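These notes are about the structure you will find just below.
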Amino acid sequence: MAVDKHVNYFALQKACQKPGCPLCTIIDERIDRYIDGMLFENISDRTFRAQYRAAGGFCNTHAAALLNYRDGLAVAILGRDILQDYLYDFKKKKIRKRKELCPACTERIRMEHEFLTFIAEAKDDDKNEGEDEPLPEFFTKSSGLCVLHYAQLVKYVKKIPKWLRNFQESKFTALEERTARFIDCSAWGRQKDFEALSPEDKVVWKEIAAALRKSE
């Protein structure tokens with residue numbers, strides 16, 4: 001088994017032990033490391049600086065994350081590059097079109113493609129040397145992919161393995177049915193029906209909100 005596949009397996013196994021979409025968990029952790037490493041290692045890299053500048057810096061989500069890091073000098077240097085471009089555009093009264101995607105978003109997209117295709121390659125009885133259990137076995141004990149990550153997988157993969165399709169789509173179907181019951185029981189005059197719902201079903205709106213959102 002290739003080293004990258006070995007690493008992906010254990011990253012997923014660890015993420016599946018946590019609540020929520022395991023891929024969102026991985027993306028959150030790795031994007032945090034990516035930005036931290038970028039500030040420490042790439043600030044003097046002219047190629048990276050040029051790409052960052054061409055993108056107009058990070059998108060709103062990843063730019064906000066810069067407030068959580070202590071490397072103020074790196075943030076200041078990168079920010080000044082972008083501010084200088086805007087000042088130039090203001091004088092010209094014409095805002096340039098950005099040619100690059102947010103570097104952190106580019107990294108996120110790369111990781112999502114890598115992990116989604118890796119998951120889709122797993123078979124029911126897959127078990128490689130050094131692995132404790134087949135990927136489908138521990139993956140189907142997790143919360144599964146969020147709706148948006150599963151939608152991406154559908155775009156990337158022509159044939160989704162049966163175990164994965166059944167697991168994901170049955171979870172989404174059950175969530176839709178529970179949400180429908182919550183909506184019906186929330187109608188005027190159905191207080192007793194609402195009270196009869198399970199504690200989980202009374203707050204199912206939180207589940208559907210989380211399922212329809214992925215990490216940025």
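As shown in the structure tokens, the chain order sets the letters A, B, ...; within each chain, residues go from 1, and ligands are also counted from 1 in the order they appear.
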Write out as a list in words each polymer residue whose atoms come within 10 Å of A:Trp205, counting only C-alpha atoms; drop sequence neighbours fewer than 3 positions from it.
-> Leu175, Arg178, Thr179, Phe182, Ile183, Glu200, Asp201, Lys202, Ile208, Ala209, Ala210 and Ala211 of chain A
Under the rule of at most 12 Å, produce a per-residue listing of stretch 4-38 of chain A near stretch 75-85 of chain A: chain, number, name, the closest pair of atoms, and the distance in Å, as a tab-separated table, using only C-alpha atoms.
```
residue	atom	partner	partner_atom	distance
A:Ile35	CA	A:Val75	CA	10.5
A:Asp36	CA	A:Val75	CA	10.7
A:Met38	CA	A:Val75	CA	10.3
```
What would the file look like if the residues just selected were written as a compact mmCIF listing (two decimals), in the first residue's frame with C-alpha atoms?
```txt
# COMPACT_ATOMS: atom_id res chain seq x y z
CA ILE A 35 -2.00 28.33 7.15
CA ASP A 36 0.35 28.01 10.12
CA MET A 38 2.43 29.00 5.16
```
From stretch 57-188 of chain A, collect each residue whose DSSP state is alpha helix (DSSP H) and return the set as a VMD selection string.
-> chain A and resid 60 to 65 72 to 92 103 to 121 135 to 139 147 to 156 162 to 185
Selection file, C-alpha atoms, as a PDB file, in the first residue's frame:
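Everything below was put into result37.pdb:
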```pdb
ATOM      1  CA  ASN A  60     -13.195  35.997   3.776  1.00  0.00           C
ATOM      2  CA  THR A  61     -13.316  32.733   5.740  1.00  0.00           C
ATOM      3  CA  HIS A  62      -9.597  32.011   5.594  1.00  0.00           C
ATOM      4  CA  ALA A  63      -8.647  35.670   6.019  1.00  0.00           C
ATOM      5  CA  ALA A  64     -10.595  35.696   9.295  1.00  0.00           C
ATOM      6  CA  ALA A  65      -8.528  32.705  10.432  1.00  0.00           C
ATOM      7  CA  GLY A  72       1.972  39.130  13.087  1.00  0.00           C
ATOM      8  CA  LEU A  73       4.951  39.974  10.879  1.00  0.00           C
ATOM      9  CA  ALA A  74       4.000  37.404   8.236  1.00  0.00           C
ATOM     10  CA  VAL A  75       0.366  38.548   8.275  1.00  0.00           C
ATOM     11  CA  ALA A  76       1.504  42.167   7.970  1.00  0.00           C
ATOM     12  CA  ILE A  77       3.818  41.453   5.022  1.00  0.00           C
ATOM     13  CA  LEU A  78       1.164  39.527   3.099  1.00  0.00           C
ATOM     14  CA  GLY A  79      -1.529  42.055   3.964  1.00  0.00           C
ATOM     15  CA  ARG A  80       0.578  44.987   2.825  1.00  0.00           C
ATOM     16  CA  ASP A  81       1.036  43.375  -0.607  1.00  0.00           C
ATOM     17  CA  ILE A  82      -2.739  43.175  -1.047  1.00  0.00           C
ATOM     18  CA  LEU A  83      -3.395  46.646   0.343  1.00  0.00           C
ATOM     19  CA  GLN A  84      -0.838  48.156  -2.041  1.00  0.00           C
ATOM     20  CA  ASP A  85      -2.674  46.580  -4.976  1.00  0.00           C
ATOM     21  CA  TYR A  86      -5.990  48.014  -3.798  1.00  0.00           C
ATOM     22  CA  LEU A  87      -4.478  51.482  -3.330  1.00  0.00           C
ATOM     23  CA  TYR A  88      -3.158  51.331  -6.886  1.00  0.00           C
ATOM     24  CA  ASP A  89      -6.583  50.230  -8.177  1.00  0.00           C
ATOM     25  CA  PHE A  90      -8.318  53.015  -6.251  1.00  0.00           C
ATOM     26  CA  LYS A  91      -6.128  55.594  -7.961  1.00  0.00           C
ATOM     27  CA  LYS A  92      -6.917  54.056 -11.351  1.00  0.00           C
ATOM     28  CA  PRO A 103      -4.526  29.568  -1.769  1.00  0.00           C
ATOM     29  CA  ALA A 104      -6.198  27.930   1.230  1.00  0.00           C
ATOM     30  CA  CYS A 105      -9.298  27.135  -0.858  1.00  0.00           C
ATOM     31  CA  THR A 106      -7.044  25.592  -3.514  1.00  0.00           C
ATOM     32  CA  GLU A 107      -5.471  23.391  -0.853  1.00  0.00           C
ATOM     33  CA  ARG A 108      -8.891  22.482   0.549  1.00  0.00           C
ATOM     34  CA  ILE A 109     -10.172  21.432  -2.892  1.00  0.00           C
ATOM     35  CA  ARG A 110      -7.066  19.298  -3.450  1.00  0.00           C
ATOM     36  CA  MET A 111      -7.513  17.534  -0.108  1.00  0.00           C
ATOM     37  CA  GLU A 112     -11.235  16.987  -0.645  1.00  0.00           C
ATOM     38  CA  HIS A 113     -10.605  15.333  -4.015  1.00  0.00           C
ATOM     39  CA  GLU A 114      -7.828  13.174  -2.559  1.00  0.00           C
ATOM     40  CA  PHE A 115      -9.869  11.886   0.388  1.00  0.00           C
ATOM     41  CA  LEU A 116     -13.191  11.507  -1.429  1.00  0.00           C
ATOM     42  CA  THR A 117     -11.657   9.396  -4.191  1.00  0.00           C
ATOM     43  CA  PHE A 118      -9.754   7.411  -1.547  1.00  0.00           C
ATOM     44  CA  ILE A 119     -12.988   6.621   0.312  1.00  0.00           C
ATOM     45  CA  ALA A 120     -14.731   5.652  -2.926  1.00  0.00           C
ATOM     46  CA  GLU A 121     -11.953   3.178  -3.769  1.00  0.00           C
ATOM     47  CA  LEU A 135     -12.262   1.266   5.925  1.00  0.00           C
ATOM     48  CA  PRO A 136     -15.995   0.629   5.295  1.00  0.00           C
ATOM     49  CA  GLU A 137     -16.267  -1.015   8.719  1.00  0.00           C
ATOM     50  CA  PHE A 138     -15.170   2.010  10.739  1.00  0.00           C
ATOM     51  CA  PHE A 139     -16.558   4.571   8.289  1.00  0.00           C
ATOM     52  CA  VAL A 147     -24.432  16.420   2.229  1.00  0.00           C
ATOM     53  CA  LEU A 148     -22.102  18.797   0.397  1.00  0.00           C
ATOM     54  CA  HIS A 149     -19.075  16.515   0.605  1.00  0.00           C
ATOM     55  CA  TYR A 150     -21.154  13.575  -0.576  1.00  0.00           C
ATOM     56  CA  ALA A 151     -22.420  15.732  -3.457  1.00  0.00           C
ATOM     57  CA  GLN A 152     -18.793  16.409  -4.381  1.00  0.00           C
ATOM     58  CA  LEU A 153     -18.056  12.694  -4.301  1.00  0.00           C
ATOM     59  CA  VAL A 154     -20.951  12.079  -6.702  1.00  0.00           C
ATOM     60  CA  LYS A 155     -19.333  14.568  -9.097  1.00  0.00           C
ATOM     61  CA  TYR A 156     -15.865  13.040  -8.786  1.00  0.00           C
ATOM     62  CA  LYS A 162     -22.707   0.081  -2.981  1.00  0.00           C
ATOM     63  CA  TRP A 163     -21.707   0.089   0.715  1.00  0.00           C
ATOM     64  CA  LEU A 164     -20.992   3.819   0.615  1.00  0.00           C
ATOM     65  CA  ARG A 165     -24.061   4.794  -1.416  1.00  0.00           C
ATOM     66  CA  ASN A 166     -26.398   2.772   0.816  1.00  0.00           C
ATOM     67  CA  PHE A 167     -24.849   4.123   4.005  1.00  0.00           C
ATOM     68  CA  GLN A 168     -24.874   7.784   2.993  1.00  0.00           C
ATOM     69  CA  GLU A 169     -28.197   7.979   1.208  1.00  0.00           C
ATOM     70  CA  SER A 170     -30.068   5.994   3.862  1.00  0.00           C
ATOM     71  CA  LYS A 171     -28.753   8.446   6.488  1.00  0.00           C
ATOM     72  CA  PHE A 172     -29.893  11.428   4.424  1.00  0.00           C
ATOM     73  CA  THR A 173     -33.294   9.831   3.800  1.00  0.00           C
ATOM     74  CA  ALA A 174     -33.766   9.186   7.529  1.00  0.00           C
ATOM     75  CA  LEU A 175     -32.736  12.768   8.294  1.00  0.00           C
ATOM     76  CA  GLU A 176     -35.278  14.110   5.791  1.00  0.00           C
ATOM     77  CA  GLU A 177     -38.042  11.974   7.311  1.00  0.00           C
ATOM     78  CA  ARG A 178     -37.195  13.077  10.854  1.00  0.00           C
ATOM     79  CA  THR A 179     -37.130  16.701   9.711  1.00  0.00           C
ATOM     80  CA  ALA A 180     -40.547  16.267   8.094  1.00  0.00           C
ATOM     81  CA  ARG A 181     -41.955  14.908  11.389  1.00  0.00           C
ATOM     82  CA  PHE A 182     -40.452  17.820  13.285  1.00  0.00           C
ATOM     83  CA  ILE A 183     -42.070  20.287  10.876  1.00  0.00           C
ATOM     84  CA  ASP A 184     -45.467  18.541  11.050  1.00  0.00           C
ATOM     85  CA  CYS A 185     -45.418  18.295  14.841  1.00  0.00           C
TER      86      CYS A 185
END
```
Counting only C-alpha atoms, the option among A:Phe40, A:Leu101, A:Lys206, A:Gln17 closest to A:Arg70 |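 Result for the nearest residue to A:Arg70: A:Phe40.
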Return the single residue from A:Leu66, A:Cys16, A:Ile26, A:Leu39 that is closest to A:Ser143, with distances computed using only C-alpha atoms.
-> A:Cys16
What is the atom CA of A:Ser198 to atom CA of A:Pro19 distance in Å?
->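 The value is 19.4 Å.
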Quick one: pull the distance between atom CA of A:Asn8 and atom CA of A:Ala122, Å, one decimal.
-> 11.8 Å
Between atom CA of A:Thr25 and atom CA of A:Asp124, what is the spacing in Å?
->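 Straight-line distance from atom CA of A:Asp124 to atom CA of A:Thr25 works out to 23.4 Å.
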